[in-house]
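*Asks:* Next comes protein-v2.csv, CSV, C-alpha atoms and all ligand atoms:
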```csv
chain,number,residue,atom,x,y,z
V,27,VAL,CA,125.8,173.1,97.8
V,28,ALA,CA,127.9,171.3,100.4
V,29,ALA,CA,130.1,169.8,97.7
V,30,THR,CA,130.6,173.2,96.1
V,31,ALA,CA,131.3,174.9,99.4
V,32,GLU,CA,133.9,172.3,100.1
V,33,ARG,CA,135.4,172.5,96.6
V,34,THR,CA,135.6,176.3,96.5
V,35,GLY,CA,136.0,177.2,100.2
V,36,VAL,CA,133.0,179.5,99.9
V,37,ALA,CA,130.6,179.3,102.9
V,38,PRO,CA,127.4,177.2,102.2
V,39,GLU,CA,125.1,180.2,103.0
V,40,ARG,CA,126.9,182.2,100.4
V,41,VAL,CA,126.5,179.4,97.8
V,42,TRP,CA,122.8,179.3,98.5
V,43,ARG,CA,122.5,183.1,98.2
V,44,ASP,CA,124.4,183.1,94.9
V,45,LEU,CA,122.0,180.5,93.5
V,46,GLY,CA,119.2,183.0,93.9
V,47,GLN,CA,121.0,185.8,92.1
V,48,TYR,CA,121.6,186.7,88.5
V,49,GLY,CA,124.7,184.6,87.5
V,50,ARG,CA,127.6,184.7,85.2
V,51,THR,CA,126.2,184.8,81.6
V,52,ASN,CA,128.1,181.8,80.3
V,53,GLY,CA,127.2,179.7,83.3
V,54,ILE,CA,128.6,178.4,86.6
V,55,ILE,CA,129.2,174.7,85.8
V,56,ALA,CA,131.5,175.0,82.7
V,57,ASP,CA,134.4,173.3,84.5
V,58,LEU,CA,132.2,170.3,85.4
V,59,ILE,CA,130.8,170.1,81.8
V,60,ALA,CA,134.4,170.2,80.5
V,61,ARG,CA,135.3,167.3,82.7
V,62,HIS,CA,132.2,165.3,81.5
V,63,LEU,CA,133.1,166.0,77.9
V,64,ALA,CA,136.7,164.8,78.5
V,65,LEU,CA,135.5,161.6,80.3
V,66,ASP,CA,132.4,160.7,78.2
V,67,GLU,CA,133.1,162.2,74.7
V,68,ASP,CA,136.9,162.4,74.5
V,69,ILE,CA,136.5,166.2,73.8
V,70,HIS,CA,139.1,168.2,75.6
V,71,VAL,CA,138.4,171.9,75.8
V,72,ASP,CA,138.9,174.7,78.3
V,73,PRO,CA,135.8,175.7,80.4
V,74,SER,CA,136.1,179.2,79.0
V,75,SER,CA,134.9,177.8,75.6
V,76,ILE,CA,131.6,176.5,77.0
V,77,VAL,CA,128.3,178.4,77.2
V,78,VAL,CA,125.7,176.8,79.5
V,79,THR,CA,122.4,177.3,77.8
V,80,VAL,CA,118.6,176.8,78.4
V,81,GLY,CA,118.6,173.5,76.6
V,82,ALA,CA,120.2,172.8,73.2
V,83,GLN,CA,117.5,174.9,71.8
V,84,GLU,CA,118.9,178.1,73.2
V,85,ALA,CA,122.4,177.0,72.0
V,86,MET,CA,121.0,176.9,68.4
V,87,ALA,CA,119.3,180.3,68.9
V,88,ILE,CA,122.6,181.9,70.1
V,89,LEU,CA,124.5,180.4,67.2
V,90,LEU,CA,122.1,181.4,64.5
V,91,THR,CA,121.8,184.9,66.0
V,92,GLY,CA,125.5,185.4,66.7
V,93,LEU,CA,127.1,183.8,63.6
V,94,PHE,CA,124.7,184.6,60.8
V,95,GLU,CA,123.9,187.7,59.0
V,96,PRO,CA,120.1,187.4,58.5
V,97,GLY,CA,118.9,187.2,54.9
V,98,ARG,CA,122.5,186.7,53.6
V,99,ASP,CA,124.4,183.9,55.2
V,100,MET,CA,123.3,180.3,54.5
V,101,LEU,CA,123.0,177.3,56.9
V,102,LEU,CA,123.2,173.9,55.2
V,103,VAL,CA,121.2,171.2,57.0
V,104,SER,CA,121.0,167.5,56.6
V,105,ASP,CA,117.5,166.8,55.2
V,106,PRO,CA,115.4,165.5,56.9
V,107,THR,CA,116.5,167.1,60.1
V,108,TYR,CA,115.4,168.2,63.6
V,109,ILE,CA,112.7,170.8,63.3
V,110,GLY,CA,114.2,172.8,66.3
V,111,ILE,CA,116.9,174.2,64.0
V,112,THR,CA,114.9,174.8,60.8
V,113,GLY,CA,112.0,176.4,62.6
V,114,LEU,CA,114.4,178.7,64.4
V,115,ALA,CA,116.2,179.6,61.2
V,116,ARG,CA,112.8,180.5,59.7
V,117,ILE,CA,111.9,183.0,62.5
V,118,LEU,CA,115.5,184.4,62.6
V,119,ASN,CA,115.5,184.8,58.8
V,120,VAL,CA,118.6,182.6,58.3
V,121,ARG,CA,118.6,181.1,54.8
V,122,VAL,CA,118.5,177.3,54.9
V,123,VAL,CA,119.8,175.0,52.2
V,124,PRO,CA,118.8,171.3,52.5
V,125,VAL,CA,121.4,168.6,51.8
V,126,PRO,CA,119.7,165.2,51.2
V,127,SER,CA,120.7,162.5,53.8
V,128,GLY,CA,121.2,159.0,52.6
V,129,ASP,CA,120.7,155.7,54.5
V,130,SER,CA,124.0,156.3,56.4
V,131,GLY,CA,123.6,160.0,57.0
V,132,LEU,CA,125.3,162.8,55.1
V,133,ASP,CA,127.5,161.9,52.1
V,134,PRO,CA,130.5,164.2,52.1
V,135,ALA,CA,130.5,164.4,48.2
V,136,VAL,CA,126.9,165.6,48.3
V,137,VAL,CA,127.8,168.1,51.0
V,138,GLU,CA,130.7,169.4,48.8
V,139,ARG,CA,128.4,169.8,45.8
V,140,SER,CA,125.8,171.6,47.9
V,141,ILE,CA,128.4,174.0,49.3
V,142,VAL,CA,129.7,174.8,45.8
V,143,ASP,CA,126.2,175.3,44.4
V,144,ALA,CA,125.0,177.4,47.3
V,145,SER,CA,128.1,179.5,47.4
V,146,ARG,CA,127.0,181.0,44.1
V,147,HIS,CA,124.2,182.7,45.9
V,148,GLY,CA,125.9,183.9,49.1
V,149,ARG,CA,128.1,182.9,52.0
V,150,VAL,CA,127.7,179.3,53.3
V,151,ARG,CA,128.5,179.9,57.0
V,152,ALA,CA,127.8,176.5,58.5
V,153,ILE,CA,126.3,173.0,58.2
V,154,TYR,CA,124.1,171.6,60.9
V,155,ASP,CA,124.0,167.8,61.5
V,156,ILE,CA,123.3,165.2,64.2
V,157,PRO,CA,125.9,162.5,63.3
V,158,ASP,CA,125.1,160.3,66.3
V,159,PHE,CA,121.8,158.4,66.1
V,160,ASN,CA,120.2,161.1,64.0
V,161,ASN,CA,116.8,162.5,64.7
V,162,PRO,CA,114.7,161.5,62.7
V,163,LEU,CA,116.7,158.9,60.7
V,164,GLY,CA,118.6,157.0,63.4
V,165,THR,CA,121.8,157.1,61.2
V,166,SER,CA,125.4,157.2,62.5
V,167,PRO,CA,128.1,157.6,59.8
V,168,SER,CA,131.4,155.7,59.8
V,169,VAL,CA,134.6,157.2,61.1
V,170,ALA,CA,135.9,157.4,57.5
V,171,THR,CA,132.8,159.4,56.5
V,172,ARG,CA,133.2,161.7,59.5
V,173,LEU,CA,136.8,162.5,58.5
V,174,LYS,CA,135.8,163.2,54.9
V,175,LEU,CA,133.0,165.5,56.1
V,176,LEU,CA,135.5,167.4,58.3
V,177,ASP,CA,137.9,167.7,55.3
V,178,VAL,CA,135.3,169.0,52.9
V,179,CYS,CA,134.1,171.7,55.4
V,180,ARG,CA,137.7,172.7,56.3
V,181,ARG,CA,138.6,173.1,52.6
V,182,HIS,CA,135.5,175.3,52.0
V,183,ASP,CA,135.8,177.2,55.3
V,184,VAL,CA,132.4,176.1,56.4
V,185,LEU,CA,131.7,175.6,60.1
V,186,ILE,CA,130.1,172.4,61.3
V,187,ILE,CA,127.4,172.6,64.0
V,188,GLU,CA,127.4,169.2,65.6
V,189,ASP,CA,124.3,168.5,67.7
V,190,ASN,CA,124.7,165.5,70.0
V,191,PRO,CA,121.9,164.7,72.4
V,192,TYR,CA,121.9,160.9,71.7
V,193,GLY,CA,125.6,159.9,71.5
V,194,MET,CA,125.7,158.2,74.8
V,195,PHE,CA,122.8,155.9,73.8
V,196,ALA,CA,124.8,153.4,71.6
V,197,TYR,CA,123.3,149.9,71.7
V,198,GLU,CA,125.7,148.0,69.4
V,199,HIS,CA,129.2,149.0,68.5
V,200,GLU,CA,131.7,151.0,70.4
V,201,ARG,CA,130.9,154.7,70.3
V,202,ARG,CA,132.1,156.4,67.1
V,203,PRO,CA,134.1,159.5,67.8
V,204,THR,CA,132.1,162.8,67.7
V,205,LEU,CA,133.2,165.2,64.9
V,206,LYS,CA,134.4,167.6,67.7
V,207,SER,CA,136.7,165.0,69.2
V,208,ILE,CA,138.5,164.3,65.8
V,209,ASP,CA,138.4,167.9,64.5
V,210,ALA,CA,142.1,168.9,64.1
V,211,ASP,CA,141.3,172.3,62.5
V,212,GLY,CA,138.9,173.9,65.0
V,213,ASN,CA,136.0,173.8,62.6
V,214,VAL,CA,133.4,172.2,64.7
V,215,ILE,CA,131.0,174.0,67.1
V,216,TYR,CA,129.4,171.4,69.4
V,217,ILE,CA,126.0,171.4,71.0
V,218,GLY,CA,125.2,169.2,74.0
V,219,SER,CA,122.1,168.6,76.1
V,220,PHE,CA,121.2,167.0,79.4
V,221,ALA,CA,117.6,166.5,78.1
V,222,LYS,CA,118.1,162.8,77.3
V,223,THR,CA,120.9,161.9,79.7
V,224,LEU,CA,119.2,163.5,82.8
V,225,PHE,CA,115.7,164.8,82.0
V,226,PRO,CA,114.2,167.2,79.5
V,227,GLY,CA,112.3,169.4,82.0
V,228,LEU,CA,115.7,170.6,83.4
V,229,ARG,CA,116.2,172.8,80.2
V,230,VAL,CA,120.0,172.7,80.5
V,231,GLY,CA,122.3,172.3,77.5
V,232,TYR,CA,125.5,173.9,76.3
V,233,LEU,CA,127.6,174.9,73.3
V,234,VAL,CA,131.3,174.5,72.9
V,235,ALA,CA,133.0,177.2,70.7
V,236,ASP,CA,136.7,177.2,71.3
V,237,GLN,CA,137.6,179.0,68.0
V,238,GLU,CA,139.3,182.3,68.2
V,239,VAL,CA,137.4,185.3,66.9
V,240,GLY,CA,138.9,187.0,63.9
V,241,SER,CA,140.7,185.9,60.7
V,242,ASN,CA,144.0,184.0,60.6
V,243,SER,CA,145.9,187.2,60.1
V,244,ALA,CA,144.1,189.2,62.7
V,245,LYS,CA,143.3,187.0,65.7
V,246,SER,CA,141.6,188.8,68.6
V,247,GLY,CA,142.5,186.5,71.5
V,248,GLU,CA,138.8,186.2,72.3
V,249,THR,CA,137.0,182.8,72.0
V,250,VAL,CA,133.8,182.6,70.0
V,251,ALA,CA,132.1,181.4,73.2
V,252,ALA,CA,133.1,184.6,75.0
V,253,ALA,CA,131.9,186.7,72.1
V,254,LEU,CA,128.6,184.8,72.1
V,255,SER,CA,128.0,185.7,75.7
V,256,ARG,CA,126.9,189.1,74.4
V,257,VAL,CA,124.1,187.4,72.5
V,258,LYS,CA,123.1,185.1,75.4
V,259,SER,CA,123.0,188.1,77.7
V,260,LEU,CA,120.2,189.5,75.6
V,261,ILE,CA,118.3,186.2,75.1
V,262,THR,CA,118.1,184.7,78.6
V,263,VAL,CA,120.7,186.8,80.7
V,264,ASN,CA,121.9,183.5,82.2
V,265,THR,CA,120.8,179.9,82.5
V,266,PRO,CA,119.0,179.7,85.9
V,267,PRO,CA,121.7,178.9,88.5
V,268,LEU,CA,119.3,176.6,90.4
V,269,VAL,CA,119.0,174.2,87.4
V,270,GLN,CA,122.7,174.4,86.7
V,271,ALA,CA,123.2,173.4,90.4
V,272,ILE,CA,121.1,170.2,89.8
V,273,VAL,CA,123.3,169.2,86.8
V,274,GLY,CA,126.4,170.3,88.7
V,275,GLY,CA,125.4,168.2,91.7
V,276,VAL,CA,124.9,165.1,89.6
V,277,LEU,CA,128.3,165.6,87.9
V,278,LEU,CA,130.0,166.1,91.3
V,279,GLU,CA,128.4,163.0,92.7
V,280,THR,CA,129.3,160.8,89.8
V,281,GLY,CA,132.9,162.1,89.6
V,282,GLY,CA,132.3,163.9,86.3
V,283,SER,CA,131.1,161.1,84.0
V,284,LEU,CA,127.4,160.6,83.2
V,285,GLU,CA,127.9,156.9,82.5
V,286,PRO,CA,126.5,155.7,85.9
V,287,ILE,CA,123.3,157.6,85.1
V,288,VAL,CA,123.0,156.7,81.4
V,289,ALA,CA,123.9,153.0,81.6
V,290,PRO,CA,120.6,151.8,83.2
V,291,LYS,CA,118.6,154.0,80.8
V,292,ARG,CA,120.6,152.7,77.8
V,293,ALA,CA,119.8,149.1,78.8
V,294,VAL,CA,116.1,149.9,79.1
V,295,TYR,CA,116.0,151.7,75.7
V,296,LYS,CA,117.9,148.9,74.0
V,297,THR,CA,115.2,146.5,75.3
V,298,HIS,CA,112.6,148.8,73.8
V,299,ARG,CA,114.4,148.9,70.5
V,300,ASP,CA,114.7,145.1,70.4
V,301,THR,CA,111.1,144.7,71.3
V,302,LEU,CA,110.1,147.0,68.5
V,303,VAL,CA,112.3,145.3,65.9
V,304,ALA,CA,110.9,141.9,66.9
V,305,ALA,CA,107.3,143.1,66.8
V,306,LEU,CA,107.8,144.6,63.3
V,307,ALA,CA,109.3,141.3,62.1
V,308,SER,CA,106.4,139.4,63.5
V,309,GLU,CA,103.5,141.7,62.4
V,310,PHE,CA,104.9,142.5,58.9
V,311,HIS,CA,106.4,139.2,58.0
V,312,ASP,CA,104.2,138.7,55.0
V,313,LEU,CA,104.7,142.3,53.8
V,314,ARG,CA,108.5,142.3,53.8
V,315,HIS,CA,108.6,143.4,50.1
V,316,GLU,CA,106.2,146.4,50.7
V,317,VAL,CA,107.2,147.6,54.1
V,318,THR,CA,110.8,148.1,55.1
V,319,TRP,CA,112.7,149.5,58.1
V,320,SER,CA,116.2,149.6,59.5
V,321,SER,CA,117.2,149.0,63.1
V,322,PRO,CA,119.1,151.9,64.5
V,323,ALA,CA,122.4,151.1,66.4
V,324,GLY,CA,121.5,153.7,69.0
V,325,GLY,CA,119.3,156.6,69.9
V,326,PHE,CA,115.5,156.9,70.1
V,327,PHE,CA,114.2,156.5,66.5
V,328,LEU,CA,113.5,153.9,63.8
V,329,PRO,CA,112.6,154.9,60.2
V,330,MET,CA,110.1,152.8,58.3
V,331,THR,CA,109.0,152.9,54.6
V,332,LEU,CA,105.4,152.1,53.7
V,333,PRO,CA,103.9,151.4,50.2
V,334,PHE,CA,101.8,154.5,50.3
V,335,HIS,CA,102.0,158.2,51.3
V,336,PHE,CA,101.8,158.9,55.0
V,337,GLY,CA,100.9,162.5,55.9
V,338,PRO,CA,98.8,164.4,58.5
V,339,GLN,CA,95.6,162.7,57.5
V,340,GLU,CA,97.1,159.2,57.8
V,341,LEU,CA,98.6,160.2,61.2
V,342,ARG,CA,95.1,161.2,62.4
V,343,ARG,CA,93.4,158.0,61.1
V,344,CYS,CA,96.1,155.8,62.6
V,345,ALA,CA,95.9,157.5,66.0
V,346,LEU,CA,92.1,157.7,66.2
V,347,ASP,CA,91.1,154.3,64.7
V,348,TYR,CA,94.2,152.1,65.4
V,349,GLY,CA,95.4,153.6,68.7
V,350,VAL,CA,99.0,154.4,67.6
V,351,ILE,CA,100.8,157.7,66.9
V,352,VAL,CA,103.7,157.6,64.4
V,353,CYS,CA,105.3,160.6,62.9
V,354,PRO,CA,105.3,161.3,59.1
V,355,MET,CA,108.9,161.7,58.0
V,356,ARG,CA,107.8,164.6,55.8
V,357,PHE,CA,107.4,166.7,59.0
V,358,PHE,CA,111.2,166.8,59.1
V,359,CYS,CA,111.8,167.3,55.4
V,360,LEU,CA,112.5,170.5,53.6
V,361,ASP,CA,112.3,168.9,50.2
V,362,ALA,CA,109.2,166.9,49.3
V,363,VAL,CA,110.8,163.5,49.4
V,364,ARG,CA,110.3,160.5,51.8
V,365,THR,CA,106.6,161.0,51.6
V,366,ASN,CA,106.1,157.2,52.3
V,367,GLN,CA,108.3,157.2,55.4
V,368,ILE,CA,107.4,157.4,59.0
V,369,ARG,CA,109.5,157.7,62.2
V,370,LEU,CA,108.8,155.4,65.1
V,371,SER,CA,109.9,156.4,68.6
V,372,PHE,CA,110.6,153.7,71.1
V,373,SER,CA,112.7,155.2,74.0
V,374,TYR,CA,109.9,156.0,76.5
V,375,VAL,CA,107.3,153.4,75.5
V,376,ASP,CA,107.1,150.2,77.5
V,377,PRO,CA,107.3,146.8,75.7
V,378,ASP,CA,103.6,146.0,76.0
V,379,ALA,CA,102.6,149.3,74.5
V,380,ILE,CA,105.2,148.8,71.7
V,381,ARG,CA,103.7,145.4,70.8
V,382,ARG,CA,100.2,146.9,70.9
V,383,GLY,CA,101.3,149.9,68.8
V,384,VAL,CA,102.9,147.7,66.1
V,385,LYS,CA,99.8,145.5,65.9
V,386,GLY,CA,97.7,148.7,65.4
V,387,LEU,CA,100.1,150.0,62.8
V,388,ALA,CA,100.1,146.6,60.9
V,389,ALA,CA,96.2,146.7,60.9
V,390,PHE,CA,96.2,150.2,59.6
V,391,VAL,CA,98.7,149.3,56.8
V,392,ARG,CA,96.7,146.1,55.8
V,393,ASP,CA,93.4,148.0,55.7
V,394,ARG,CA,95.0,150.8,53.6
V,395,LEU,CA,96.4,148.2,51.2
V,396,ALA,CA,93.1,146.4,51.0
V,397,ALA,CA,91.5,149.7,50.1
V,398,GLY,CA,94.0,150.1,47.2
V,399,ALA,CA,96.2,152.8,48.8
V,400,GLY,CA,99.5,151.4,47.5
V,401,ASP,CA,98.3,151.3,43.9
V,402,SER,CA,96.7,154.7,43.8
V,403,ASP,CA,99.7,156.3,45.5
V,404,ARG,CA,102.1,154.7,43.1
V,405,ARG,CA,100.1,155.9,40.2
V,406,SER,CA,99.7,159.5,41.4
V,407,SER,CA,103.4,159.9,42.4
V,408,ALA,CA,104.9,158.4,39.2
V,409,THR,CA,106.5,160.9,37.0
V,410,ASP,CA,108.0,158.7,34.3
V,411,PRO,CA,105.2,158.0,31.8
V,412,THR,CA,106.4,154.4,31.2
V,413,GLU,CA,106.5,153.8,35.0
V,414,ALA,CA,103.0,155.4,35.3
V,415,SER,CA,101.5,153.2,32.7
V,416,LEU,CA,103.1,150.1,34.2
V,417,ALA,CA,101.7,151.1,37.6
V,418,VAL,CA,98.2,151.5,36.1
V,419,ALA,CA,98.6,148.2,34.4
M,501,LIG,C1,118.4,166.7,67.5
M,501,LIG,C2,118.0,167.3,68.8
M,501,LIG,N1,118.7,168.3,69.4
M,501,LIG,C3,118.4,168.7,70.6
M,501,LIG,C4,117.4,168.1,71.3
M,501,LIG,C5,117.2,168.5,72.8
M,501,LIG,O1,117.0,169.9,72.9
M,501,LIG,P1,116.8,170.5,74.3
M,501,LIG,O2,118.1,170.4,75.1
M,501,LIG,O3,116.5,171.9,74.0
M,501,LIG,O4,115.6,169.8,75.0
M,501,LIG,C6,116.6,167.1,70.8
M,501,LIG,C7,115.4,166.6,71.5
M,501,LIG,O5,114.5,166.2,70.9
M,501,LIG,C8,116.9,166.7,69.5
M,501,LIG,O6,116.3,165.7,68.9
```
Take the structure in this file and express it as structure tokens.
Ligand SMILES: Cc1ncc(COP(=O)(O)O)c(C=O)c1O
*Replies:*
Amino acid sequence: VAATAERTGVAPERVWRDLGQYGRTNGIIADLIARHLALDEDIHVDPSSIVVTVGAQEAMAILLTGLFEPGRDMLLVSDPTYIGITGLARILNVRVVPVPSGDSGLDPAVVERSIVDASRHGRVRAIYDIPDFNNPLGTSPSVATRLKLLDVCRRHDVLIIEDNPYGMFAYEHERRPTLKSIDADGNVIYIGSFAKTLFPGLRVGYLVADQEVGSNSAKSGETVAAALSRVKSLITVNTPPLVQAIVGGVLLETGGSLEPIVAPKRAVYKTHRDTLVAALASEFHDLRHEVTWSSPAGGFFLPMTLPFHFGPQELRRCALDYGVIVCPMRFFCLDAVRTNQIRLSFSYVDPDAIRRGVKGLAAFVRDRLAAGAGDSDRRSSATDPTEASLAVA
């Protein structure tokens, strides 16, 4: 409050009073978020193109409500993907088309084919993806792939909704640029969240929509963010000024960048990732042909492939009998693939618990294999008759 009073020349009592009132629909800290985006993400936008939201989740709700005609427009999503968006699309009656993700995330050629195919059935309005340290796959596509994805979407006039809660948690290489920061054509709508950089209970996120409303021939002069305020005003009226003040206070104290806050967390989470990878190598060393995983270069998640199906029943068994909870990848999938995959989360788990958890998981896998799980699953999932008979043999 003191910093705001000093910055704006408004008396501290008045600042306190305003924090208790209804506030501006699109938020009171857009200027501070714009500075954070410029310093930490190389995204340069005017504060008027930012809507401060109740978490990234509300940003998604505003976008699906404001940009899509229910039952008609289609949203392409990388598959598997964050269930926050697909669950929301279901309740808002937005048609969703899955685009299969590969080991490095979305493949622009596959995206293009999906857009062309889906366009026969209606308008493809946007594609949703998490390019940086994807949830659930942990992937992070190369710069060349990002540029190709931008090009495909520009040519087909499809917006990209880029969700980026994990970008600041890069453990290996230099950060790759966000799609928004290399978007030369104004085709990307960006979603940010303070859930991972600060803390999730805050419920503060934002969207950046600096596009102008209207077609190329009839521009309105209004930004999409300004137009979306009409949607937000009917969903949450405004993001609580008190929680915005907490984020604003942090950003004022750090000079605008979240790096001083994130750096120590990043170091801890990297240790957790390294502990997990080392424990997997040690506990599964004799099963390297049957059990595979990839070490993510950042973020919170590591995908692992088992030699048998892993669904809700296995989740329950593993938790009750072996003391470890892992998430079936199929929970995030729209198409029934990746039935043998699981997602391991390591960010908030201390190293001893990680080692104990991996031991428990290894015991579960060994017991299942000893009970013949791999063989029976291979047999039941095989569709090629030759393959099926070989599996039985
Ligand atoms: C892909 C993705 N988007 C957004 C969020 C955060 O959303 P919120 O800001 O609503 O907590 C998460 C958190 O799990 C996430 O994984």
*Asks:* May I have the residues within 10 Å of Ile272 of chain V as JSON, numbers by chain, using all atoms listed in the file and disregarding those fewer than 5 positions away in the same chain?
*Replies:* {"V": [27, 224, 228, 230, 267, 277, 278]}
*Asks:* With distances taken over all atoms listed in the file, which of V:Ser320, V:Arg381, V:Val120, V:Ala56 is nearest to Ser308 of chain V?
*Replies:*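 Selected residue with least distance to Ser308 of chain V: V:Arg381.
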*Asks:* Using all atoms listed in the file, which residues sit within 10 Å of Gly212 of chain V once same-chain residues fewer than 6 positions away are excluded, as a PyMOL selection string?
*Replies:* chain V and resi 176+180+185-186+206+235-238
*Asks:* Within 9 Å of ligand LIG 501 (chain M) (counting all atoms listed in the file), which residues show up? I'd like them as a short mmCIF file (atom, residue, chain, number, x, y, z; two decimals) with C-alpha atoms, in the coordinates of the input.
*Replies:*
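Writing the result to pocket-v4.cif gives the following:
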```cif
data_model
loop_
_atom_site.label_atom_id
_atom_site.label_comp_id
_atom_site.auth_asym_id
_atom_site.auth_seq_id
_atom_site.Cartn_x
_atom_site.Cartn_y
_atom_site.Cartn_z
CA THR V 79 122.40 177.30 77.80
CA VAL V 80 118.60 176.80 78.40
CA GLY V 81 118.60 173.50 76.60
CA ALA V 82 120.20 172.80 73.20
CA GLN V 83 117.50 174.90 71.80
CA GLU V 84 118.90 178.10 73.20
CA ALA V 85 122.40 177.00 72.00
CA MET V 86 121.00 176.90 68.40
CA THR V 107 116.50 167.10 60.10
CA TYR V 108 115.40 168.20 63.60
CA ILE V 109 112.70 170.80 63.30
CA GLY V 110 114.20 172.80 66.30
CA ILE V 111 116.90 174.20 64.00
CA ASP V 155 124.00 167.80 61.50
CA ILE V 156 123.30 165.20 64.20
CA ASN V 160 120.20 161.10 64.00
CA ASN V 161 116.80 162.50 64.70
CA PRO V 162 114.70 161.50 62.70
CA ASP V 189 124.30 168.50 67.70
CA ASN V 190 124.70 165.50 70.00
CA PRO V 191 121.90 164.70 72.40
CA TYR V 192 121.90 160.90 71.70
CA ILE V 217 126.00 171.40 71.00
CA GLY V 218 125.20 169.20 74.00
CA SER V 219 122.10 168.60 76.10
CA PHE V 220 121.20 167.00 79.40
CA ALA V 221 117.60 166.50 78.10
CA LYS V 222 118.10 162.80 77.30
CA PHE V 225 115.70 164.80 82.00
CA PRO V 226 114.20 167.20 79.50
CA GLY V 227 112.30 169.40 82.00
CA LEU V 228 115.70 170.60 83.40
CA ARG V 229 116.20 172.80 80.20
CA VAL V 230 120.00 172.70 80.50
CA GLY V 231 122.30 172.30 77.50
CA TYR V 232 125.50 173.90 76.30
CA PHE V 326 115.50 156.90 70.10
#
```
*Asks:* With a distance cut-off of 9 Å and all atoms listed in the file, select the neighbouring residues of Val288 of chain V, excluding the residue or stretch itself and same-chain residues fewer than 4 positions from it, and output the selection as a ChimeraX atom specification.
*Replies:* /V:194-195,222-224,284,292-293
*Asks:* Have a look at atom CA of Val122 of chain V and atom CA of Asn52 of chain V and let me know their distance in Å, one decimal.
*Replies:*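 The value is 27.5 Å.
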*Asks:* Work out how far atom CA of Leu90 of chain V is from atom CA of Tyr48 of chain V, in Å to one decimal.
*Replies:*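 Distance reported for this atom pair: 24.6 Å.
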*Asks:* Within 10 Å of Val375 of chain V, counting all atoms listed in the file, which residues show up once you throw out same-chain ones fewer than 4 positions away? Write them as a list in words, please.
*Replies:*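 Skipping anything fewer than 4 positions along the chain leaves Tyr295, His298, Arg299, Leu302, Ser371, Ala379, Ile380, Arg381 and Gly383 of chain V.
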*Asks:* Residues within 9 Å of Cys353 of chain V, please, as a list in words. Count only C-alpha atoms; anything in the same chain fewer than 4 positions from it doesn't count.
*Replies:*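 Skipping anything fewer than 4 positions along the chain leaves Phe336, Gly337, Pro338, Leu341, Phe357, Gln367, Ile368, Arg369, Leu370 and Ser371 of chain V.
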*Asks:* My list of candidates is V:Pro354, V:Ala323, V:Glu67, V:Asp393. Which is closest to His199 of chain V when distances are computed with all atoms listed in the file?
*Replies:*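 For His199 of chain V, the nearest of the given residues is V:Ala323.
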*Asks:* What box, with edges along x, y and z, holds each listed atom of segment 314-318 of chain V when 4 Å is added on every side, and can you state its centre and edge lengths in Å to one decimal, as lines of an AutoDock Vina configuration file?
*Replies:*
```
center_x = 108.5
center_y = 145.2
center_z = 52.6
size_x = 12.6
size_y = 13.8
size_z = 13.0
```
*Asks:* Report the distance between atom CA of Asp158 of chain V and atom CA of Thr171 of chain V in Å, rounded to one decimal place.
*Replies:*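 Computing the Euclidean distance for atom CA of Asp158 of chain V and atom CA of Thr171 of chain V yields 12.5 Å.
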*Asks:* Calculated over all atoms listed in the file, which of the candidates V:Val214, V:Ile287, V:Ala144, V:Leu163 has the smallest distance to Pro322 of chain V?
*Replies:* V:Leu163
*Asks:* Do you know which residues lie at most 12 Å from (137.3, 168.5, 82.0), with coordinates as in the file and only C-alpha atoms counted, and could you write them as a ChimeraX atom specification?
*Replies:* /V:55-76,277,281-283
*Asks:* Keeping only C-alpha atoms, write those residues as a PDB file, keeping the file's coordinate frame.
*Replies:*
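Once everything was written out, this is selection_28.pdb:
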```
ATOM      1  CA  ILE V  55     129.200 174.700  85.800  1.00  0.00           C
ATOM      2  CA  ALA V  56     131.500 175.000  82.700  1.00  0.00           C
ATOM      3  CA  ASP V  57     134.400 173.300  84.500  1.00  0.00           C
ATOM      4  CA  LEU V  58     132.200 170.300  85.400  1.00  0.00           C
ATOM      5  CA  ILE V  59     130.800 170.100  81.800  1.00  0.00           C
ATOM      6  CA  ALA V  60     134.400 170.200  80.500  1.00  0.00           C
ATOM      7  CA  ARG V  61     135.300 167.300  82.700  1.00  0.00           C
ATOM      8  CA  HIS V  62     132.200 165.300  81.500  1.00  0.00           C
ATOM      9  CA  LEU V  63     133.100 166.000  77.900  1.00  0.00           C
ATOM     10  CA  ALA V  64     136.700 164.800  78.500  1.00  0.00           C
ATOM     11  CA  LEU V  65     135.500 161.600  80.300  1.00  0.00           C
ATOM     12  CA  ASP V  66     132.400 160.700  78.200  1.00  0.00           C
ATOM     13  CA  GLU V  67     133.100 162.200  74.700  1.00  0.00           C
ATOM     14  CA  ASP V  68     136.900 162.400  74.500  1.00  0.00           C
ATOM     15  CA  ILE V  69     136.500 166.200  73.800  1.00  0.00           C
ATOM     16  CA  HIS V  70     139.100 168.200  75.600  1.00  0.00           C
ATOM     17  CA  VAL V  71     138.400 171.900  75.800  1.00  0.00           C
ATOM     18  CA  ASP V  72     138.900 174.700  78.300  1.00  0.00           C
ATOM     19  CA  PRO V  73     135.800 175.700  80.400  1.00  0.00           C
ATOM     20  CA  SER V  74     136.100 179.200  79.000  1.00  0.00           C
ATOM     21  CA  SER V  75     134.900 177.800  75.600  1.00  0.00           C
ATOM     22  CA  ILE V  76     131.600 176.500  77.000  1.00  0.00           C
ATOM     23  CA  LEU V 277     128.300 165.600  87.900  1.00  0.00           C
ATOM     24  CA  GLY V 281     132.900 162.100  89.600  1.00  0.00           C
ATOM     25  CA  GLY V 282     132.300 163.900  86.300  1.00  0.00           C
ATOM     26  CA  SER V 283     131.100 161.100  84.000  1.00  0.00           C
TER      27      SER V 283
END
```
